[in-house]
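Scroll down for the structure; my scribbles are underneath it.
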Amino acid sequence: MKTWKKVRFVLYVLVAVLIAMFANVLINRLKYLIGFLIAGCGLEKMLVHLLTRKSFEKHNHFFLGTIEMLLGIVVLLALDEVNDFKKICVIWCLWAILREAYDIEDAVHNLINRDTGILEIFESLFVITCFVILLINPSREKVLTHLYILSIELVCTVAFPYISYVYRKNNPRKVKKEAFVEESNEGL
């Protein structure tokens with residue numbers, strides 16, 4: 001799984017850079033970007049669960065990943081780019097808000113263990129606020145701004161576990177022992 005974390009880091013940063021560079025082009029292909037993004041995140045969760053051989057009885061993200069993958073497929077196949085622009089934005093917003101809710105759950109756990117959770121909470125609250133604004137009034141200008149926010153969010157998603165690791169390594173006395181136990185959903 002260490003190899004996957006490195007590959008995941010490079011992949012997420014690469015996708016973030018490409019989204020930021022081609023945001024003006026991607027806004028016209030929003031259906032494909034959001035559909036593949038949601039389906040890809042869902043597929044990742046499912047594969048990580050299956051490859052780590054985690055039990056279905058314990059806390060896992062397999063079923064959340066299944067729903068995300070199906071939702072991404074719906075965006076790709078059932079929605080029309082021109083006529084359903086607002087529907088695509090609504091699905092994107094709700095998916096992003098739910099993902100950030102899970103990130104806040106992990107961040108609170110890190111915060112309880114005297115880890116770097118406060119950074120993750122601020123990032124999640126910022127992203128939720130931005131997506132609520134887009135949800136209320138989806139427009140092309142706001143979507144362009146949110147594509148840049150998406151780039152930042154993708155980098156933060158893979159950077160926070162490394163920031164937390166460096167913090168724990170440099171401050172072992174401040175961090176509770178439970179923080180050293182790797183979470184079953186860390187990195188998802």
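Ordering of the structure tokens sets the chain letters (A, B, ...), residue numbers begin anew at 1 in every chain, and ligands are numbered from 1 in the order given.
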
Hey, what's within 8 Å of A:Pro138 if we count only C-alpha atoms and toss same-chain stuff fewer than 2 positions away? As a compact mmCIF listing (two decimals) with all heavy atoms, in the first residue's frame, please?
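Heads up, here's the output in out_8.txt:
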# COMPACT_ATOMS: atom_id res chain seq x y z
N LYS A 86 -26.91 22.57 -14.77
CA LYS A 86 -27.22 22.79 -13.36
C LYS A 86 -27.33 21.48 -12.59
O LYS A 86 -26.91 21.41 -11.44
CB LYS A 86 -28.50 23.61 -13.22
CG LYS A 86 -28.33 25.04 -13.65
CD LYS A 86 -29.55 25.87 -13.38
CE LYS A 86 -29.27 27.32 -13.79
NZ LYS A 86 -30.37 28.21 -13.49
N CYS A 89 -23.88 20.36 -11.79
CA CYS A 89 -23.35 21.16 -10.68
C CYS A 89 -23.92 20.71 -9.34
O CYS A 89 -23.19 20.64 -8.35
CB CYS A 89 -23.65 22.64 -10.91
SG CYS A 89 -22.68 23.37 -12.24
N VAL A 90 -25.22 20.42 -9.31
CA VAL A 90 -25.85 19.98 -8.06
C VAL A 90 -25.26 18.65 -7.60
O VAL A 90 -24.91 18.49 -6.43
CB VAL A 90 -27.39 19.90 -8.23
CG1 VAL A 90 -28.03 19.16 -7.06
CG2 VAL A 90 -27.98 21.29 -8.37
N LEU A 134 -22.08 27.45 -4.68
CA LEU A 134 -22.32 26.96 -6.02
C LEU A 134 -23.66 26.24 -6.12
O LEU A 134 -24.36 26.36 -7.12
CB LEU A 134 -21.19 26.04 -6.47
CG LEU A 134 -21.31 25.45 -7.89
CD1 LEU A 134 -21.29 26.55 -8.94
CD2 LEU A 134 -20.21 24.44 -8.14
N LEU A 135 -24.01 25.51 -5.08
CA LEU A 135 -25.27 24.77 -5.07
C LEU A 135 -26.46 25.72 -5.13
O LEU A 135 -27.45 25.44 -5.83
CB LEU A 135 -25.34 23.91 -3.80
CG LEU A 135 -26.53 22.98 -3.63
CD1 LEU A 135 -26.54 21.94 -4.73
CD2 LEU A 135 -26.46 22.30 -2.28
N ILE A 136 -26.37 26.84 -4.46
CA ILE A 136 -27.47 27.81 -4.44
C ILE A 136 -27.65 28.45 -5.81
O ILE A 136 -28.78 28.64 -6.27
CB ILE A 136 -27.21 28.88 -3.36
CG1 ILE A 136 -27.31 28.23 -1.98
CG2 ILE A 136 -28.19 30.04 -3.48
CD1 ILE A 136 -26.86 29.12 -0.85
N ARG A 140 -21.66 29.50 -14.84
CA ARG A 140 -20.38 29.18 -15.47
C ARG A 140 -19.20 29.87 -14.77
O ARG A 140 -18.13 29.29 -14.64
CB ARG A 140 -20.41 29.56 -16.94
CG ARG A 140 -21.27 28.61 -17.76
CD ARG A 140 -21.18 28.91 -19.21
NE ARG A 140 -20.74 27.95 -20.17
CZ ARG A 140 -20.83 26.65 -20.18
NH1 ARG A 140 -21.32 26.05 -19.15
NH2 ARG A 140 -20.42 25.91 -21.17
N LYS A 142 -18.96 30.73 -11.60
CA LYS A 142 -18.70 30.07 -10.32
C LYS A 142 -18.08 28.69 -10.53
O LYS A 142 -17.23 28.27 -9.75
CB LYS A 142 -19.98 29.96 -9.50
CG LYS A 142 -20.43 31.29 -8.95
CD LYS A 142 -21.65 31.15 -8.10
CE LYS A 142 -22.10 32.53 -7.62
NZ LYS A 142 -23.37 32.48 -6.92
N VAL A 143 -18.49 28.01 -11.59
CA VAL A 143 -17.91 26.70 -11.88
C VAL A 143 -16.42 26.84 -12.19
O VAL A 143 -15.61 26.03 -11.75
CB VAL A 143 -18.66 26.01 -13.03
CG1 VAL A 143 -17.89 24.80 -13.55
CG2 VAL A 143 -20.05 25.59 -12.58

Using DSSP assignments from the backbone, pull out every residue in stretch 104-142 of chain A that falls under alpha helix (DSSP H) and give it to me as a ChimeraX atom specification.
/A:104-112,117-136,140-142

Export of prior selection with N, CA and C atoms as an mmCIF file, in the first residue's frame:
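What landed in result_29.cif:
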data_model
loop_
_atom_site.group_PDB
_atom_site.id
_atom_site.type_symbol
_atom_site.label_atom_id
_atom_site.label_comp_id
_atom_site.auth_asym_id
_atom_site.auth_seq_id
_atom_site.Cartn_x
_atom_site.Cartn_y
_atom_site.Cartn_z
ATOM 1 N N ILE A 104 -13.937 15.674 7.532
ATOM 2 C CA ILE A 104 -14.047 16.308 8.856
ATOM 3 C C ILE A 104 -14.053 15.238 9.945
ATOM 4 N N GLU A 105 -14.724 14.123 9.694
ATOM 5 C CA GLU A 105 -14.721 13.028 10.669
ATOM 6 C C GLU A 105 -13.298 12.557 10.953
ATOM 7 N N ASP A 106 -12.510 12.356 9.896
ATOM 8 C CA ASP A 106 -11.119 11.950 10.080
ATOM 9 C C ASP A 106 -10.299 13.046 10.757
ATOM 10 N N ALA A 107 -10.566 14.297 10.400
ATOM 11 C CA ALA A 107 -9.831 15.421 10.991
ATOM 12 C C ALA A 107 -10.113 15.555 12.476
ATOM 13 N N VAL A 108 -11.358 15.331 12.875
ATOM 14 C CA VAL A 108 -11.692 15.397 14.306
ATOM 15 C C VAL A 108 -10.958 14.295 15.054
ATOM 16 N N HIS A 109 -10.875 13.110 14.458
ATOM 17 C CA HIS A 109 -10.120 12.025 15.087
ATOM 18 C C HIS A 109 -8.662 12.431 15.265
ATOM 19 N N ASN A 110 -8.087 13.047 14.231
ATOM 20 C CA ASN A 110 -6.694 13.515 14.329
ATOM 21 C C ASN A 110 -6.552 14.603 15.386
ATOM 22 N N LEU A 111 -7.533 15.476 15.463
ATOM 23 C CA LEU A 111 -7.491 16.562 16.444
ATOM 24 C C LEU A 111 -7.576 16.021 17.871
ATOM 25 N N ILE A 112 -8.409 15.027 18.088
ATOM 26 C CA ILE A 112 -8.529 14.397 19.407
ATOM 27 C C ILE A 112 -7.192 13.779 19.815
ATOM 28 N N GLY A 117 -5.226 17.855 12.762
ATOM 29 C CA GLY A 117 -6.601 17.888 12.286
ATOM 30 C C GLY A 117 -7.182 19.269 12.067
ATOM 31 N N ILE A 118 -6.687 20.274 12.736
ATOM 32 C CA ILE A 118 -7.256 21.612 12.613
ATOM 33 C C ILE A 118 -7.101 22.150 11.196
ATOM 34 N N LEU A 119 -5.983 21.873 10.540
ATOM 35 C CA LEU A 119 -5.789 22.290 9.148
ATOM 36 C C LEU A 119 -6.825 21.641 8.237
ATOM 37 N N GLU A 120 -7.064 20.362 8.447
ATOM 38 C CA GLU A 120 -8.022 19.623 7.634
ATOM 39 C C GLU A 120 -9.440 20.138 7.856
ATOM 40 N N ILE A 121 -9.761 20.478 9.095
ATOM 41 C CA ILE A 121 -11.097 21.006 9.386
ATOM 42 C C ILE A 121 -11.310 22.340 8.688
ATOM 43 N N PHE A 122 -10.335 23.233 8.750
ATOM 44 C CA PHE A 122 -10.462 24.530 8.071
ATOM 45 C C PHE A 122 -10.604 24.360 6.562
ATOM 46 N N GLU A 123 -9.822 23.474 5.986
ATOM 47 C CA GLU A 123 -9.917 23.230 4.546
ATOM 48 C C GLU A 123 -11.286 22.689 4.186
ATOM 49 N N SER A 124 -11.784 21.732 4.960
ATOM 50 C CA SER A 124 -13.092 21.147 4.686
ATOM 51 C C SER A 124 -14.217 22.160 4.832
ATOM 52 N N LEU A 125 -14.160 22.981 5.858
ATOM 53 C CA LEU A 125 -15.198 24.001 6.040
ATOM 54 C C LEU A 125 -15.170 25.022 4.907
ATOM 55 N N PHE A 126 -13.991 25.393 4.453
ATOM 56 C CA PHE A 126 -13.871 26.311 3.320
ATOM 57 C C PHE A 126 -14.493 25.701 2.067
ATOM 58 N N VAL A 127 -14.162 24.452 1.780
ATOM 59 C CA VAL A 127 -14.679 23.785 0.583
ATOM 60 C C VAL A 127 -16.190 23.620 0.675
ATOM 61 N N ILE A 128 -16.700 23.236 1.839
ATOM 62 C CA ILE A 128 -18.146 23.092 2.006
ATOM 63 C C ILE A 128 -18.839 24.425 1.761
ATOM 64 N N THR A 129 -18.308 25.497 2.314
ATOM 65 C CA THR A 129 -18.896 26.825 2.118
ATOM 66 C C THR A 129 -18.925 27.193 0.641
ATOM 67 N N CYS A 130 -17.833 26.963 -0.049
ATOM 68 C CA CYS A 130 -17.774 27.287 -1.481
ATOM 69 C C CYS A 130 -18.781 26.464 -2.282
ATOM 70 N N PHE A 131 -18.916 25.197 -1.968
ATOM 71 C CA PHE A 131 -19.840 24.358 -2.722
ATOM 72 C C PHE A 131 -21.292 24.651 -2.374
ATOM 73 N N VAL A 132 -21.571 25.099 -1.180
ATOM 74 C CA VAL A 132 -22.938 25.531 -0.852
ATOM 75 C C VAL A 132 -23.296 26.752 -1.693
ATOM 76 N N ILE A 133 -22.344 27.657 -1.865
ATOM 77 C CA ILE A 133 -22.576 28.841 -2.708
ATOM 78 C C ILE A 133 -22.851 28.415 -4.152
ATOM 79 N N LEU A 134 -22.076 27.454 -4.675
ATOM 80 C CA LEU A 134 -22.320 26.963 -6.024
ATOM 81 C C LEU A 134 -23.656 26.238 -6.120
ATOM 82 N N LEU A 135 -24.005 25.515 -5.081
ATOM 83 C CA LEU A 135 -25.271 24.774 -5.065
ATOM 84 C C LEU A 135 -26.463 25.718 -5.131
ATOM 85 N N ILE A 136 -26.366 26.838 -4.460
ATOM 86 C CA ILE A 136 -27.465 27.805 -4.439
ATOM 87 C C ILE A 136 -27.652 28.453 -5.813
ATOM 88 N N ARG A 140 -21.655 29.498 -14.840
ATOM 89 C CA ARG A 140 -20.376 29.177 -15.475
ATOM 90 C C ARG A 140 -19.205 29.870 -14.770
ATOM 91 N N GLU A 141 -19.394 31.098 -14.329
ATOM 92 C CA GLU A 141 -18.315 31.826 -13.654
ATOM 93 C C GLU A 141 -17.950 31.153 -12.339
ATOM 94 N N LYS A 142 -18.964 30.735 -11.595
ATOM 95 C CA LYS A 142 -18.697 30.069 -10.317
ATOM 96 C C LYS A 142 -18.076 28.694 -10.533
#

From the list A:Tyr165, A:Tyr102, A:Phe62, A:Phe36, which residue is nearest A:Val75 when using only C-alpha atoms?
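The shortest atom-to-atom distance to A:Val75 comes from A:Phe36.
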
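Picture a line from atom CA of A:Leu18 to atom CA of A:Ile149; it runs 12.9 Å.
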
Pick out the closest residue to A:Lys45 from this set: A:Ile163, A:Val25, A:Leu30, A:Ile67. Count only C-alpha atoms.
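Selected residue with least distance to A:Lys45: A:Ile67.
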
Excluding same-chain residues fewer than 2 positions from stretch 157-160 of chain A, what lies within 10 Å of it counting only C-alpha atoms, as a PyMOL selection string?
chain A and resi 5-6+8-13+103+107+116-117+119-120+123+152-155+162-166+187-188

Show me, as a PyMOL selection string, the residues that have an atom within 8 Å of A:Glu44 when counting only C-alpha atoms, minus same-chain residues fewer than 3 positions from it.
chain A and resi 40-41+47-48+65+188

Report, in Å to a single decimal, how far apart atom CA of A:Leu51 and atom CA of A:Val7 are.
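So the answer is 15.1 Å.
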
So that I can check the surroundings of A:Val74, please list as a PyMOL selection string every protein, DNA and RNA residue that reaches within 12 Å of it, counting only C-alpha atoms and ignoring chain neighbours fewer than 6 positions away.
chain A and resi 31-32+34-36+38-39+67-68+80+87-88+91-92

Hey, can you spit out that residue selection with all heavy atoms as a tab-separated table (two decimals), in the first residue's frame?
chain	number	residue	atom	x	y	z
A	31	LYS	N	-19.34	17.63	-17.72
A	31	LYS	CA	-19.95	16.31	-17.52
A	31	LYS	C	-18.89	15.23	-17.45
A	31	LYS	O	-18.93	14.37	-16.57
A	31	LYS	CB	-20.92	16.05	-18.68
A	31	LYS	CG	-21.35	14.64	-18.85
A	31	LYS	CD	-22.18	14.49	-20.11
A	31	LYS	CE	-22.31	13.07	-20.52
A	31	LYS	NZ	-23.18	12.89	-21.67
A	32	TYR	N	-17.92	15.27	-18.34
A	32	TYR	CA	-16.89	14.24	-18.38
A	32	TYR	C	-15.92	14.37	-17.21
A	32	TYR	O	-15.55	13.38	-16.60
A	32	TYR	CB	-16.14	14.30	-19.71
A	32	TYR	CG	-17.07	14.05	-20.88
A	32	TYR	CD1	-17.44	15.10	-21.71
A	32	TYR	CD2	-17.59	12.79	-21.11
A	32	TYR	CE1	-18.31	14.87	-22.77
A	32	TYR	CE2	-18.46	12.56	-22.16
A	32	TYR	CZ	-18.82	13.61	-22.99
A	32	TYR	OH	-19.69	13.38	-24.02
A	34	ILE	N	-16.44	15.77	-14.18
A	34	ILE	CA	-17.10	15.41	-12.91
A	34	ILE	C	-17.47	13.94	-12.90
A	34	ILE	O	-17.28	13.25	-11.89
A	34	ILE	CB	-18.32	16.32	-12.66
A	34	ILE	CG1	-17.89	17.79	-12.61
A	34	ILE	CG2	-19.05	15.91	-11.40
A	34	ILE	CD1	-16.77	18.09	-11.63
A	35	GLY	N	-17.98	13.43	-14.00
A	35	GLY	CA	-18.35	12.01	-14.06
A	35	GLY	C	-17.16	11.09	-13.81
A	35	GLY	O	-17.22	10.17	-13.00
A	36	PHE	N	-16.05	11.36	-14.52
A	36	PHE	CA	-14.86	10.53	-14.34
A	36	PHE	C	-14.24	10.73	-12.96
A	36	PHE	O	-13.72	9.79	-12.37
A	36	PHE	CB	-13.82	10.81	-15.43
A	36	PHE	CG	-14.15	10.15	-16.74
A	36	PHE	CD1	-14.34	10.92	-17.88
A	36	PHE	CD2	-14.26	8.77	-16.84
A	36	PHE	CE1	-14.64	10.32	-19.09
A	36	PHE	CE2	-14.56	8.16	-18.04
A	36	PHE	CZ	-14.76	8.94	-19.18
A	38	ILE	N	-15.83	11.52	-10.08
A	38	ILE	CA	-16.64	10.82	-9.08
A	38	ILE	C	-16.47	9.31	-9.22
A	38	ILE	O	-16.26	8.60	-8.23
A	38	ILE	CB	-18.13	11.23	-9.19
A	38	ILE	CG1	-18.30	12.70	-8.83
A	38	ILE	CG2	-19.01	10.36	-8.30
A	38	ILE	CD1	-19.70	13.24	-9.09
A	39	ALA	N	-16.56	8.81	-10.44
A	39	ALA	CA	-16.40	7.37	-10.66
A	39	ALA	C	-15.00	6.90	-10.27
A	39	ALA	O	-14.84	5.83	-9.67
A	39	ALA	CB	-16.70	7.03	-12.11
A	67	ILE	N	-21.34	3.41	-4.50
A	67	ILE	CA	-22.33	4.46	-4.78
A	67	ILE	C	-21.69	5.59	-5.59
A	67	ILE	O	-22.28	6.09	-6.54
A	67	ILE	CB	-22.94	5.00	-3.47
A	67	ILE	CG1	-23.69	3.91	-2.72
A	67	ILE	CG2	-23.84	6.19	-3.74
A	67	ILE	CD1	-24.84	3.30	-3.48
A	68	GLU	N	-20.48	5.98	-5.22
A	68	GLU	CA	-19.78	7.03	-5.97
A	68	GLU	C	-19.54	6.61	-7.41
A	68	GLU	O	-19.73	7.41	-8.34
A	68	GLU	CB	-18.45	7.38	-5.31
A	68	GLU	CG	-18.56	8.24	-4.09
A	68	GLU	CD	-17.21	8.61	-3.51
A	68	GLU	OE1	-16.19	7.95	-3.86
A	68	GLU	OE2	-17.15	9.55	-2.72
A	80	ASP	N	-27.07	15.32	-20.05
A	80	ASP	CA	-26.63	16.02	-21.25
A	80	ASP	C	-25.89	17.27	-20.83
A	80	ASP	O	-26.38	18.04	-20.01
A	80	ASP	CB	-27.86	16.38	-22.10
A	80	ASP	CG	-27.49	17.12	-23.36
A	80	ASP	OD1	-26.40	16.87	-23.90
A	80	ASP	OD2	-28.29	17.96	-23.80
A	87	LYS	N	-27.86	20.44	-13.23
A	87	LYS	CA	-27.94	19.13	-12.56
A	87	LYS	C	-26.54	18.58	-12.28
A	87	LYS	O	-26.29	18.01	-11.22
A	87	LYS	CB	-28.73	18.14	-13.41
A	87	LYS	CG	-30.20	18.44	-13.50
A	87	LYS	CD	-30.89	17.44	-14.39
A	87	LYS	CE	-32.35	17.83	-14.61
A	87	LYS	NZ	-33.00	16.93	-15.56
A	88	ILE	N	-25.64	18.75	-13.23
A	88	ILE	CA	-24.25	18.30	-13.03
A	88	ILE	C	-23.63	19.05	-11.86
A	88	ILE	O	-22.96	18.46	-11.01
A	88	ILE	CB	-23.43	18.50	-14.32
A	88	ILE	CG1	-23.95	17.58	-15.43
A	88	ILE	CG2	-21.95	18.23	-14.07
A	88	ILE	CD1	-23.40	17.88	-16.81
A	91	ILE	N	-25.10	17.70	-8.52
A	91	ILE	CA	-24.52	16.41	-8.15
A	91	ILE	C	-23.09	16.60	-7.67
A	91	ILE	O	-22.67	16.01	-6.66
A	91	ILE	CB	-24.58	15.43	-9.34
A	91	ILE	CG1	-26.04	15.03	-9.60
A	91	ILE	CG2	-23.72	14.20	-9.09
A	91	ILE	CD1	-26.25	14.23	-10.86
A	92	TRP	N	-22.32	17.42	-8.36
A	92	TRP	CA	-20.94	17.70	-7.98
A	92	TRP	C	-20.89	18.31	-6.58
A	92	TRP	O	-20.09	17.91	-5.74
A	92	TRP	CB	-20.31	18.62	-9.01
A	92	TRP	CG	-18.88	19.02	-8.77
A	92	TRP	CD1	-17.95	18.35	-8.02
A	92	TRP	CD2	-18.22	20.16	-9.29
A	92	TRP	NE1	-16.75	19.02	-8.06
A	92	TRP	CE2	-16.89	20.14	-8.85
A	92	TRP	CE3	-18.63	21.21	-10.12
A	92	TRP	CZ2	-15.97	21.11	-9.18
A	92	TRP	CZ3	-17.70	22.17	-10.46
A	92	TRP	CH2	-16.39	22.12	-9.99

Tell me which of A:Pro161, A:Leu76, A:Arg29, A:Thr66 sits closest to A:Met46, counting only C-alpha atoms.
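The answer is A:Thr66, which sits nearest to A:Met46.
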
Using only C-alpha atoms: which of A:Phe56, A:Tyr148, A:Phe85, A:Trp95 has the shortest distance to A:Ile19
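Of all the options, A:Tyr148 lies closest to A:Ile19.
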